file query14.cif (mmCIF, C-alpha atoms)
data_data
#
loop_
_atom_site.label_atom_id
_atom_site.label_comp_id
_atom_site.auth_asym_id
_atom_site.auth_seq_id
_atom_site.Cartn_x
_atom_site.Cartn_y
_atom_site.Cartn_z
CA THR A 235 44.60 -159.19 -19.68
CA PRO A 236 41.69 -160.74 -17.79
CA GLN A 237 41.28 -157.52 -15.78
CA ASN A 238 39.81 -155.86 -18.88
CA ASN A 239 36.68 -158.00 -18.49
CA THR A 240 35.73 -156.73 -15.03
CA ASN A 241 32.91 -154.50 -16.33
CA SER A 242 30.89 -157.02 -18.38
CA TYR A 243 27.77 -156.07 -16.41
CA ASN A 244 26.10 -153.04 -14.89
CA TRP A 245 25.55 -152.24 -11.24
CA MET A 246 22.18 -151.27 -9.77
CA LEU A 247 22.29 -149.24 -6.56
CA LEU A 248 20.83 -151.39 -3.77
CA TYR A 249 21.63 -149.24 -0.72
CA GLU A 250 23.17 -145.83 -0.15
CA GLU A 251 24.09 -144.12 3.12
CA THR A 252 25.25 -140.51 2.84
CA PHE A 253 24.94 -139.72 6.56
CA ASP A 254 22.55 -136.81 6.12
CA ASN A 255 20.57 -137.72 9.24
CA ALA A 256 21.68 -136.84 12.76
CA SER A 257 22.05 -140.46 13.84
CA LEU A 258 22.98 -143.80 12.34
CA ASP A 259 20.15 -146.00 11.04
CA THR A 260 20.34 -148.91 13.47
CA ASP A 261 17.83 -150.90 11.40
CA VAL A 262 20.62 -151.18 8.83
CA TRP A 263 23.72 -151.00 11.01
CA TYR A 264 24.68 -153.02 14.05
CA THR A 265 26.78 -151.13 16.61
CA CYS A 266 27.94 -151.84 20.17
CA PRO A 267 25.24 -150.35 22.43
CA ASN A 268 26.51 -152.20 25.49
CA GLY A 269 30.18 -151.85 24.62
CA TRP A 270 32.44 -154.57 23.28
CA GLN A 271 36.03 -155.72 23.24
CA ARG A 272 37.36 -157.61 20.24
CA HIS A 273 39.79 -160.42 20.95
CA HIS A 274 42.16 -159.95 18.02
CA GLY A 275 45.73 -158.80 17.63
CA HIS A 276 45.97 -157.61 21.24
CA GLU A 277 43.82 -154.57 20.46
CA LEU A 278 43.70 -151.89 23.14
CA GLN A 279 40.29 -150.25 22.60
CA TYR A 280 36.80 -150.80 23.95
CA TYR A 281 34.08 -150.08 21.37
CA LEU A 282 31.39 -147.62 22.48
CA ASP A 283 28.41 -146.17 20.61
CA GLU A 284 29.12 -142.75 22.08
CA ASN A 285 32.19 -142.63 19.82
CA ILE A 286 29.95 -142.65 16.73
CA LEU A 287 29.12 -139.13 15.53
CA ILE A 288 27.53 -137.76 12.37
CA LYS A 289 28.41 -134.15 11.59
CA ASP A 290 27.96 -132.20 8.33
CA GLY A 291 27.23 -135.36 6.36
CA ILE A 292 30.32 -137.23 7.60
CA LEU A 293 30.31 -140.25 9.88
CA HIS A 294 33.08 -140.06 12.49
CA LEU A 295 34.30 -143.25 14.15
CA THR A 296 36.39 -141.65 16.86
CA ALA A 297 39.23 -143.08 18.93
CA LYS A 298 39.83 -141.51 22.34
CA GLN A 299 42.51 -141.87 24.95
CA GLU A 300 40.43 -142.29 28.08
CA THR A 301 40.46 -144.70 30.98
CA GLY A 302 37.41 -146.78 31.78
CA THR A 303 36.49 -150.11 33.35
CA TYR A 304 34.07 -152.16 31.30
CA GLU A 305 32.54 -155.60 31.24
CA ILE A 306 34.05 -158.13 28.90
CA ARG A 307 32.79 -161.61 28.10
CA ASP A 308 34.98 -164.69 27.84
CA TYR A 309 34.20 -168.39 27.70
CA ASP A 310 35.52 -171.32 29.69
CA ALA A 311 36.56 -174.68 28.23
CA SER A 312 32.97 -175.93 28.26
CA GLY A 313 31.70 -172.86 26.37
CA LYS A 314 30.06 -171.24 29.40
CA ALA A 315 30.03 -167.44 29.24
CA LEU A 316 32.13 -165.68 31.86
CA THR A 317 31.66 -161.96 32.49
CA ASN A 318 34.57 -160.03 33.97
CA THR A 319 35.68 -156.42 34.12
CA ARG A 320 38.82 -154.92 32.66
CA ARG A 321 40.43 -151.51 32.50
CA PHE A 322 40.90 -149.94 29.08
CA ASP A 323 42.94 -146.83 28.26
CA TYR A 324 41.32 -146.26 24.85
CA SER A 325 37.84 -146.29 23.35
CA SER A 326 36.74 -146.31 19.73
CA ALA A 327 33.84 -147.20 17.38
CA TRP A 328 32.61 -150.03 15.16
CA ILE A 329 29.67 -150.45 12.77
CA GLN A 330 28.61 -153.40 10.61
CA THR A 331 25.65 -154.18 8.39
CA ARG A 332 22.87 -156.31 9.83
CA ASP A 333 22.33 -157.81 6.38
CA LYS A 334 24.89 -160.11 4.84
CA TYR A 335 25.97 -160.11 1.22
CA GLN A 336 27.49 -162.44 -1.32
CA TYR A 337 28.47 -160.78 -4.61
CA GLY A 338 27.96 -157.14 -5.51
CA LYS A 339 29.86 -153.88 -5.61
CA PHE A 340 30.67 -152.19 -2.31
CA GLU A 341 32.04 -148.66 -2.24
CA VAL A 342 33.16 -146.36 0.59
CA ARG A 343 34.53 -142.83 0.36
CA CYS A 344 36.53 -142.04 3.46
CA LYS A 345 39.56 -140.47 5.11
CA VAL A 346 41.78 -142.46 7.47
CA PRO A 347 43.55 -141.08 10.56
CA LYS A 348 47.33 -140.82 10.80
CA GLY A 349 49.31 -141.90 13.85
CA ARG A 350 50.96 -144.91 15.36
CA GLY A 351 48.43 -147.26 16.95
CA PHE A 352 45.51 -146.38 14.67
CA TRP A 353 44.13 -149.31 12.66
CA PRO A 354 41.18 -148.28 10.45
CA ALA A 355 39.59 -150.87 8.19
CA PHE A 356 36.87 -151.43 5.59
CA TRP A 357 36.30 -155.17 5.51
CA PHE A 358 33.92 -158.12 5.35
CA PHE A 359 33.55 -161.14 7.59
CA GLY A 360 31.41 -164.26 7.64
CA SER A 361 31.97 -167.50 9.53
CA HIS A 362 35.31 -168.35 7.90
CA ASN A 363 35.92 -165.81 5.10
CA GLU A 364 37.44 -162.35 5.55
CA ILE A 365 38.00 -159.73 2.85
CA ASP A 366 39.92 -156.56 3.74
CA VAL A 367 39.18 -153.92 1.10
CA PHE A 368 41.75 -151.98 3.07
CA GLU A 369 43.35 -151.75 6.45
CA PHE A 370 45.98 -149.18 7.40
CA ARG A 371 48.57 -149.08 10.12
CA GLY A 372 48.29 -145.45 11.17
CA ASP A 373 52.02 -144.75 11.00
CA GLN A 374 52.07 -146.09 7.41
CA PRO A 375 49.28 -144.08 5.71
CA ARG A 376 50.86 -144.66 2.29
CA ARG A 377 50.42 -148.44 2.53
CA PRO A 378 46.85 -149.77 2.33
CA GLN A 379 46.84 -153.50 2.99
CA LEU A 380 44.45 -155.58 0.87
CA ASN A 381 43.85 -159.06 2.23
CA ILE A 382 41.82 -162.22 1.83
CA HIS A 383 41.80 -164.65 4.75
CA TYR A 384 40.25 -168.10 4.99
CA TRP A 385 39.86 -169.46 8.52
CA CYS A 386 40.33 -173.22 8.23
CA THR A 387 39.75 -173.67 11.97
CA GLN A 388 39.52 -171.34 14.96
CA LYS A 389 43.31 -171.26 15.19
CA THR A 390 44.57 -171.73 11.62
CA ARG A 391 44.05 -169.76 8.42
CA ILE A 392 45.48 -169.19 4.97
CA ASP A 393 46.10 -165.68 3.70
CA SER A 394 46.81 -163.57 0.65
CA SER A 395 47.97 -159.98 1.18
CA SER A 396 49.10 -157.15 -1.08
CA THR A 397 50.00 -153.47 -0.88
CA PRO A 398 49.40 -151.17 -3.89
CA ARG A 399 52.37 -148.99 -4.85
CA LYS A 400 50.70 -145.63 -5.42
CA ARG A 401 52.72 -143.99 -2.63
CA ILE A 402 49.97 -141.54 -1.68
CA ASP A 403 49.45 -140.37 1.89
CA TYR A 404 45.84 -141.50 2.16
CA SER A 405 45.35 -139.70 5.48
CA LYS A 406 45.53 -136.26 3.85
CA ASP A 407 42.24 -136.44 1.95
CA PHE A 408 39.17 -138.53 1.16
CA HIS A 409 39.58 -141.47 -1.22
CA THR A 410 37.16 -143.99 -2.69
CA TYR A 411 37.71 -147.69 -2.06
CA SER A 412 35.59 -150.40 -3.66
CA LEU A 413 35.22 -154.13 -4.05
CA GLU A 414 33.52 -155.82 -7.03
CA TRP A 415 32.70 -159.44 -6.29
CA ASP A 416 31.04 -162.03 -8.48
CA ASP A 417 31.12 -165.81 -8.73
CA CYS A 418 34.46 -165.86 -10.57
CA LYS A 419 36.51 -162.87 -9.43
CA ILE A 420 37.05 -160.12 -6.89
CA VAL A 421 38.29 -156.71 -8.03
CA PHE A 422 39.75 -154.18 -5.59
CA ARG A 423 39.81 -150.51 -6.63
CA ILE A 424 41.16 -147.29 -5.14
CA ASP A 425 39.83 -144.09 -6.73
CA ASP A 426 38.47 -146.29 -9.55
CA ASP A 427 41.91 -147.72 -10.38
CA ILE A 428 42.19 -151.52 -10.23
CA VAL A 429 44.81 -152.37 -7.61
CA ARG A 430 44.18 -156.09 -7.21
CA THR A 431 42.15 -158.88 -8.82
CA ASP A 432 41.62 -162.41 -7.49
CA TYR A 433 40.07 -165.24 -9.51
CA LYS A 434 38.24 -168.33 -8.36
CA TYR A 435 39.14 -170.65 -11.26
CA LYS A 436 42.13 -171.34 -13.47
CA THR A 437 42.29 -173.83 -16.35
CA GLU A 438 44.80 -176.66 -16.59
CA ASN A 439 46.73 -174.43 -18.99
CA GLY A 440 46.92 -171.64 -16.43
CA GLU A 441 44.31 -169.39 -18.04
CA LEU A 442 42.20 -167.32 -15.65
CA VAL A 443 38.43 -167.78 -15.83
CA THR A 444 36.62 -164.41 -15.89
CA ASN A 445 33.04 -165.72 -16.11
CA LYS A 446 31.25 -169.03 -15.67
CA GLN A 447 30.46 -169.30 -19.36
CA GLN A 448 34.13 -170.24 -19.80
CA LEU A 449 33.71 -173.28 -17.57
CA THR A 450 33.19 -176.19 -19.94
CA THR A 451 34.60 -179.68 -19.77
CA GLY A 452 37.98 -180.43 -18.27
CA ASN A 453 39.69 -179.86 -14.96
CA TYR A 454 40.07 -176.54 -13.18
CA TRP A 455 42.16 -175.31 -10.30
CA GLN A 456 40.01 -173.60 -7.66
CA ASN A 457 41.42 -170.88 -5.44
CA PRO A 458 40.96 -172.08 -1.82
CA LEU A 459 40.93 -168.47 -0.59
CA PHE A 460 38.04 -167.32 -2.78
CA PRO A 461 35.11 -166.34 -0.48
CA ASP A 462 32.12 -168.67 -0.70
CA GLU A 463 29.66 -167.33 1.89
CA GLU A 464 27.58 -164.32 2.84
CA VAL A 465 29.48 -161.70 4.83
CA SER A 466 28.80 -158.51 6.77
CA LEU A 467 30.30 -155.16 5.76
CA ILE A 468 32.33 -153.67 8.62
CA LEU A 469 33.90 -150.25 9.26
CA ASN A 470 35.92 -149.78 12.41
CA LEU A 471 38.85 -147.96 13.98
CA ALA A 472 40.91 -150.19 16.25
CA ILE A 473 43.87 -149.25 18.45
CA SER A 474 46.55 -151.84 17.84
CA GLN A 475 49.78 -152.57 19.62
CA GLU A 476 51.10 -155.52 17.64
CA ARG A 477 53.03 -155.60 14.37
CA GLY A 478 54.48 -158.73 12.86
CA GLY A 479 53.63 -160.69 16.00
CA ILE A 480 55.69 -158.34 18.19
CA ARG A 481 53.77 -156.91 21.14
CA ARG A 482 53.96 -153.10 21.61
CA ALA A 483 55.58 -152.66 18.18
CA HIS A 484 52.63 -150.57 16.97
CA ALA A 485 51.22 -149.19 20.22
CA PRO A 486 50.38 -145.47 20.41
CA ASN A 487 53.25 -143.23 21.50
CA ASP A 488 53.71 -139.59 22.50
CA ASN A 489 53.28 -138.49 18.87
CA THR A 490 49.87 -140.15 18.51
CA LEU A 491 47.23 -137.43 18.70
CA PHE A 492 43.86 -138.18 20.33
CA PRO A 493 40.99 -137.88 19.69
CA ALA A 494 41.22 -138.97 16.05
CA SER A 495 38.52 -140.10 13.62
CA PHE A 496 38.02 -142.47 10.74
CA GLU A 497 35.81 -140.20 8.58
CA ILE A 498 33.29 -141.75 6.19
CA ASP A 499 31.50 -139.71 3.53
CA TYR A 500 29.27 -142.45 2.09
CA VAL A 501 28.67 -146.16 1.75
CA LYS A 502 27.12 -147.59 -1.42
CA ILE A 503 26.10 -151.16 -2.13
CA TYR A 504 25.24 -152.30 -5.66
CA GLN A 505 23.68 -155.42 -7.11
CA ARG A 506 24.92 -156.89 -10.36
CA VAL A 507 22.71 -156.57 -13.44
CA GLN A 508 23.84 -158.67 -16.38
CA MET A 509 24.19 -156.76 -19.65
CA LYS A 510 22.06 -158.01 -22.53
#

call {"tool": "encode", "arguments": {"input": "query14.cif", "output": "structure tokens"}}
result
Amino acid sequence: TPQNNTNSYNWMLLYEETFDNASLDTDVWYTCPNGWQRHHGHELQYYLDENILIKDGILHLTAKQETGTYEIRDYDASGKALTNTRRFDYSSAWIQTRDKYQYGKFEVRCKVPKGRGFWPAFWFFGSHNEIDVFEFRGDQPRRPQLNIHYWCTQKTRIDSSSTPRKRIDYSKDFHTYSLEWDDCKIVFRIDDDIVRTDYKYKTENGELVTNKQQLTTGNYWQNPLFPDEEVSLILNLAISQERGGIRRAHAPNDNTLFPASFEIDYVKIYQRVQMK
């Protein structure tokens, strides 16, 4: 199958973070020093840098059940910034790379928290492309969700989602998740096993194009979801309350244990090196 051609090149390590220092390298990572609320999916948390902790070589993005009143920024119809305050009952943590990337191999070894309301994710975002290497609903730790989203406008998007059927409780131990992305395909892996592959081009006969050398004369179908821009790498732990568009369907309950952490052992970023 076309998946057998995913390793036609080598990877050169471009960046590695093993969290051996006491604090996060903020020259590489953007955080939320002044706090931040994300307007998405009716999330319940406020992101704070104090919820980022490195201990024994592990980065902890920690969610806490705590009440606080923080500034949030909205915009009026003319685009003018409006600063208000709002009460939050949860706090958590978010990091993203200052640099943006298009193509490469991106690998994270991590352990996700278990519990209703938790929403950990390893993902990428640009101006209109989103790639979710994984996101978990905390009460479904056996079901990593792998997604590609294309935001056509601010309010509309097209999506492609899948859930590997390995039936492992991923919250019980550390696992390695990676994305290999070149100009023709995206390969998702969990513990080095391919769990999803998306292709940019398909021939008129329905054959998948695994490298650009196969593009000759003729017409090709192009996948409208295939990412075409530079994106930032993001790791975060949200507190969600919505599932399937239903408010409160995934909100934390009495069985959700706080504090809880999304634990990250390392992040590695590779650049493609073509084999001779």

call {"tool": "closest_residue", "arguments": {"input": "query14.cif", "among": "A:Asn439, A:Val501, A:Arg430, A:Val262", "to": "A:Thr331", "atoms": "all atoms listed in the file"}}
result
A:Val262

call {"tool": "closest_residue", "arguments": {"input": "query14.cif", "among": "A:Gln456, A:Ala315, A:His484, A:Trp263", "to": "A:Gln374", "atoms": "all atoms listed in the file"}}
result
A:His484

call {"tool": "residues_around", "arguments": {"input": "query14.cif", "residues": "A:Glu300", "least_positions_apart": "6", "cutoff": "12 Å", "atoms": "all atoms listed in the file", "output": "VMD selection string"}}
result
chain A and resid 278 to 280 282 285 321 to 326 492 to 493

call {"tool": "atom_distance", "arguments": {"input": "query14.cif", "atom1": "atom CA of A:Ile286", "atom2": "atom CA of A:Arg377"}}
result
25.6 Å

call {"tool": "resolve_selection", "arguments": {"input": "query14.cif", "expression": "the PyMOL selection byres ((chain A and resi 407-414) around 6)", "output": "list of chain:residue names"}}
result
A:Gly338, A:Lys339, A:Phe340, A:Glu341, A:Val342, A:Arg343, A:Cys344, A:Lys345, A:Ser405, A:Lys406, A:Trp415, A:Ile420, A:Val421, A:Phe422, A:Arg423, A:Ile424, A:Asp425

call {"tool": "closest_residue", "arguments": {"input": "query14.cif", "among": "A:Asp290, A:Asp393, A:Glu369, A:Glu277", "to": "A:Ala485", "atoms": "all atoms listed in the file"}}
result
A:Glu277

call {"tool": "atom_distance", "arguments": {"input": "query14.cif", "atom1": "atom CA of A:Asp283", "atom2": "atom CA of A:Phe368"}}
result
22.8 Å

call {"tool": "closest_residue", "arguments": {"input": "query14.cif", "among": "A:Gly360, A:Gly452, A:Pro398, A:Pro378", "to": "A:Leu467", "atoms": "all atoms listed in the file"}}
result
A:Gly360

call {"tool": "atom_distance", "arguments": {"input": "query14.cif", "atom1": "atom CA of A:Pro461", "atom2": "atom CA of A:Gln271"}}
result
26.0 Å

call {"tool": "resolve_selection", "arguments": {"input": "query14.cif", "expression": "the PyMOL selection byres ((chain A and resi 254) around 8)", "output": "VMD selection string"}}
result
chain A and resid 252 to 253 255 to 256 290 to 292

call {"tool": "resolve_selection", "arguments": {"input": "query14.cif", "expression": "the PyMOL selection byres ((chain A and resi 496) around 9)", "output": "ChimeraX atom specification"}}
result
/A:293-297,344-347,354-355,469-471,494-495,497-498

call {"tool": "residues_around", "arguments": {"input": "query14.cif", "residues": "A:Thr387", "least_positions_apart": "5", "cutoff": "12 Å", "atoms": "only C-alpha atoms", "output": "PDB file with C-alpha atoms, keeping the file's coordinate frame"}}
result
ATOM      1  CA  SER A 361      31.970-167.500   9.530  1.00  0.00           C
ATOM      2  CA  HIS A 362      35.310-168.350   7.900  1.00  0.00           C
ATOM      3  CA  ASN A 363      35.920-165.810   5.100  1.00  0.00           C
ATOM      4  CA  ILE A 392      45.480-169.190   4.970  1.00  0.00           C
TER       5      ILE A 392
END

call {"tool": "closest_residue", "arguments": {"input": "query14.cif", "among": "A:Phe370, A:Tyr435, A:Ala327, A:Lys389", "to": "A:Tyr404", "atoms": "all atoms listed in the file"}}
result
A:Phe370

call {"tool": "axis_aligned_box", "arguments": {"input": "query14.cif", "around": "stretch 373-378 of chain A", "padding_each_side": "8 Å", "output": "AutoDock Vina command-line options"}}
result
--center_x 49.5 --center_y -146.9 --center_z 6.6 --size_x 21.2 --size_y 21.7 --size_z 24.7

call {"tool": "decode", "arguments": {"input": "query14.cif", "residues": "stretch 310-351 of chain A", "atoms": "N, CA and C atoms", "output": "mmCIF file, in the first residue's frame"}}
result
data_model
loop_
_atom_site.group_PDB
_atom_site.id
_atom_site.type_symbol
_atom_site.label_atom_id
_atom_site.label_comp_id
_atom_site.auth_asym_id
_atom_site.auth_seq_id
_atom_site.Cartn_x
_atom_site.Cartn_y
_atom_site.Cartn_z
ATOM 1 N N ASP A 310 -15.428 44.385 19.957
ATOM 2 C CA ASP A 310 -16.756 44.792 19.514
ATOM 3 C C ASP A 310 -16.866 44.634 18.003
ATOM 4 N N ALA A 311 -17.991 45.045 17.450
ATOM 5 C CA ALA A 311 -18.257 44.838 16.019
ATOM 6 C C ALA A 311 -17.258 45.564 15.128
ATOM 7 N N SER A 312 -16.674 46.646 15.639
ATOM 8 C CA SER A 312 -15.707 47.400 14.839
ATOM 9 C C SER A 312 -14.287 46.861 14.976
ATOM 10 N N GLY A 313 -14.098 45.862 15.861
ATOM 11 C CA GLY A 313 -12.768 45.311 16.080
ATOM 12 C C GLY A 313 -12.025 45.937 17.240
ATOM 13 N N LYS A 314 -12.651 46.864 17.951
ATOM 14 C CA LYS A 314 -12.021 47.507 19.100
ATOM 15 C C LYS A 314 -11.927 46.534 20.268
ATOM 16 N N ALA A 315 -10.760 46.487 20.912
ATOM 17 C CA ALA A 315 -10.554 45.576 22.037
ATOM 18 C C ALA A 315 -11.325 46.048 23.260
ATOM 19 N N LEU A 316 -11.990 45.118 23.906
ATOM 20 C CA LEU A 316 -12.733 45.394 25.129
ATOM 21 C C LEU A 316 -12.200 44.491 26.234
ATOM 22 N N THR A 317 -11.768 45.073 27.338
ATOM 23 C CA THR A 317 -11.239 44.287 28.447
ATOM 24 C C THR A 317 -12.273 44.231 29.565
ATOM 25 N N ASN A 318 -12.622 43.014 29.962
ATOM 26 C CA ASN A 318 -13.581 42.806 31.029
ATOM 27 C C ASN A 318 -12.979 41.833 32.038
ATOM 28 N N THR A 319 -13.696 41.580 33.110
ATOM 29 C CA THR A 319 -13.266 40.565 34.069
ATOM 30 C C THR A 319 -14.321 39.472 34.142
ATOM 31 N N ARG A 320 -13.849 38.271 34.472
ATOM 32 C CA ARG A 320 -14.764 37.139 34.553
ATOM 33 C C ARG A 320 -14.262 36.171 35.604
ATOM 34 N N ARG A 321 -15.170 35.524 36.273
ATOM 35 C CA ARG A 321 -14.816 34.512 37.265
ATOM 36 C C ARG A 321 -14.604 33.164 36.576
ATOM 37 N N PHE A 322 -13.546 32.493 36.965
ATOM 38 C CA PHE A 322 -13.250 31.144 36.491
ATOM 39 C C PHE A 322 -13.141 30.208 37.694
ATOM 40 N N ASP A 323 -13.591 28.982 37.524
ATOM 41 C CA ASP A 323 -13.502 27.981 38.592
ATOM 42 C C ASP A 323 -12.367 26.993 38.370
ATOM 43 N N TYR A 324 -11.659 27.137 37.219
ATOM 44 C CA TYR A 324 -10.555 26.232 36.905
ATOM 45 C C TYR A 324 -9.415 27.030 36.265
ATOM 46 N N SER A 325 -8.209 26.553 36.478
ATOM 47 C CA SER A 325 -7.045 27.095 35.782
ATOM 48 C C SER A 325 -6.270 25.938 35.167
ATOM 49 N N SER A 326 -5.459 26.250 34.160
ATOM 50 C CA SER A 326 -4.660 25.200 33.524
ATOM 51 C C SER A 326 -3.463 25.840 32.831
ATOM 52 N N ALA A 327 -2.854 25.113 31.866
ATOM 53 C CA ALA A 327 -1.604 25.579 31.252
ATOM 54 C C ALA A 327 -1.566 25.281 29.759
ATOM 55 N N TRP A 328 -0.800 26.119 29.055
ATOM 56 C CA TRP A 328 -0.701 26.079 27.594
ATOM 57 C C TRP A 328 0.709 26.505 27.210
ATOM 58 N N ILE A 329 1.336 25.780 26.251
ATOM 59 C CA ILE A 329 2.586 26.225 25.649
ATOM 60 C C ILE A 329 2.498 26.038 24.136
ATOM 61 N N GLN A 330 3.189 26.903 23.398
ATOM 62 C CA GLN A 330 3.273 26.730 21.950
ATOM 63 C C GLN A 330 4.612 27.266 21.471
ATOM 64 N N THR A 331 5.090 26.743 20.355
ATOM 65 C CA THR A 331 6.374 27.181 19.828
ATOM 66 C C THR A 331 6.259 28.587 19.243
ATOM 67 N N ARG A 332 7.300 29.372 19.473
ATOM 68 C CA ARG A 332 7.348 30.698 18.840
ATOM 69 C C ARG A 332 7.594 30.565 17.341
ATOM 70 N N ASP A 333 8.424 29.596 16.960
ATOM 71 C CA ASP A 333 8.655 29.335 15.539
ATOM 72 C C ASP A 333 7.472 28.592 14.947
ATOM 73 N N LYS A 334 7.311 28.750 13.652
ATOM 74 C CA LYS A 334 6.291 28.002 12.923
ATOM 75 C C LYS A 334 6.968 27.049 11.947
ATOM 76 N N TYR A 335 6.261 25.992 11.605
ATOM 77 C CA TYR A 335 6.850 24.925 10.807
ATOM 78 C C TYR A 335 5.893 24.510 9.689
ATOM 79 N N GLN A 336 6.486 24.140 8.573
ATOM 80 C CA GLN A 336 5.752 23.476 7.506
ATOM 81 C C GLN A 336 6.629 22.345 7.002
ATOM 82 N N TYR A 337 6.169 21.120 7.218
ATOM 83 C CA TYR A 337 6.867 19.881 6.901
ATOM 84 C C TYR A 337 7.901 19.548 7.991
ATOM 85 N N GLY A 338 8.059 18.264 8.221
ATOM 86 C CA GLY A 338 8.977 17.778 9.231
ATOM 87 C C GLY A 338 8.367 16.611 9.978
ATOM 88 N N LYS A 339 9.110 16.141 10.971
ATOM 89 C CA LYS A 339 8.610 15.110 11.881
ATOM 90 C C LYS A 339 8.565 15.721 13.278
ATOM 91 N N PHE A 340 7.438 15.522 13.952
ATOM 92 C CA PHE A 340 7.209 16.133 15.255
ATOM 93 C C PHE A 340 6.791 15.016 16.213
ATOM 94 N N GLU A 341 7.516 14.891 17.303
ATOM 95 C CA GLU A 341 7.312 13.736 18.190
ATOM 96 C C GLU A 341 7.227 14.201 19.642
ATOM 97 N N VAL A 342 6.253 13.669 20.362
ATOM 98 C CA VAL A 342 6.063 13.976 21.782
ATOM 99 C C VAL A 342 5.819 12.672 22.536
ATOM 100 N N ARG A 343 6.548 12.498 23.633
ATOM 101 C CA ARG A 343 6.285 11.370 24.535
ATOM 102 C C ARG A 343 5.606 11.935 25.768
ATOM 103 N N CYS A 344 4.429 11.422 26.087
ATOM 104 C CA CYS A 344 3.647 12.042 27.133
ATOM 105 C C CYS A 344 2.645 11.077 27.755
ATOM 106 N N LYS A 345 2.042 11.532 28.832
ATOM 107 C CA LYS A 345 1.005 10.789 29.549
ATOM 108 C C LYS A 345 -0.162 11.735 29.778
ATOM 109 N N VAL A 346 -1.363 11.302 29.417
ATOM 110 C CA VAL A 346 -2.536 12.166 29.508
ATOM 111 C C VAL A 346 -3.304 11.885 30.800
ATOM 112 N N PRO A 347 -3.980 12.893 31.341
ATOM 113 C CA PRO A 347 -4.770 12.675 32.557
ATOM 114 C C PRO A 347 -6.110 12.008 32.249
ATOM 115 N N LYS A 348 -6.667 11.362 33.254
ATOM 116 C CA LYS A 348 -7.945 10.675 33.121
ATOM 117 C C LYS A 348 -8.978 11.375 33.987
ATOM 118 N N GLY A 349 -10.157 11.600 33.444
ATOM 119 C CA GLY A 349 -11.229 12.221 34.205
ATOM 120 C C GLY A 349 -12.105 13.079 33.321
ATOM 121 N N ARG A 350 -13.379 13.041 33.595
ATOM 122 C CA ARG A 350 -14.323 13.828 32.803
ATOM 123 C C ARG A 350 -13.991 15.314 32.928
ATOM 124 N N GLY A 351 -14.009 15.995 31.800
ATOM 125 C CA GLY A 351 -13.691 17.417 31.748
ATOM 126 C C GLY A 351 -12.303 17.704 31.218
#
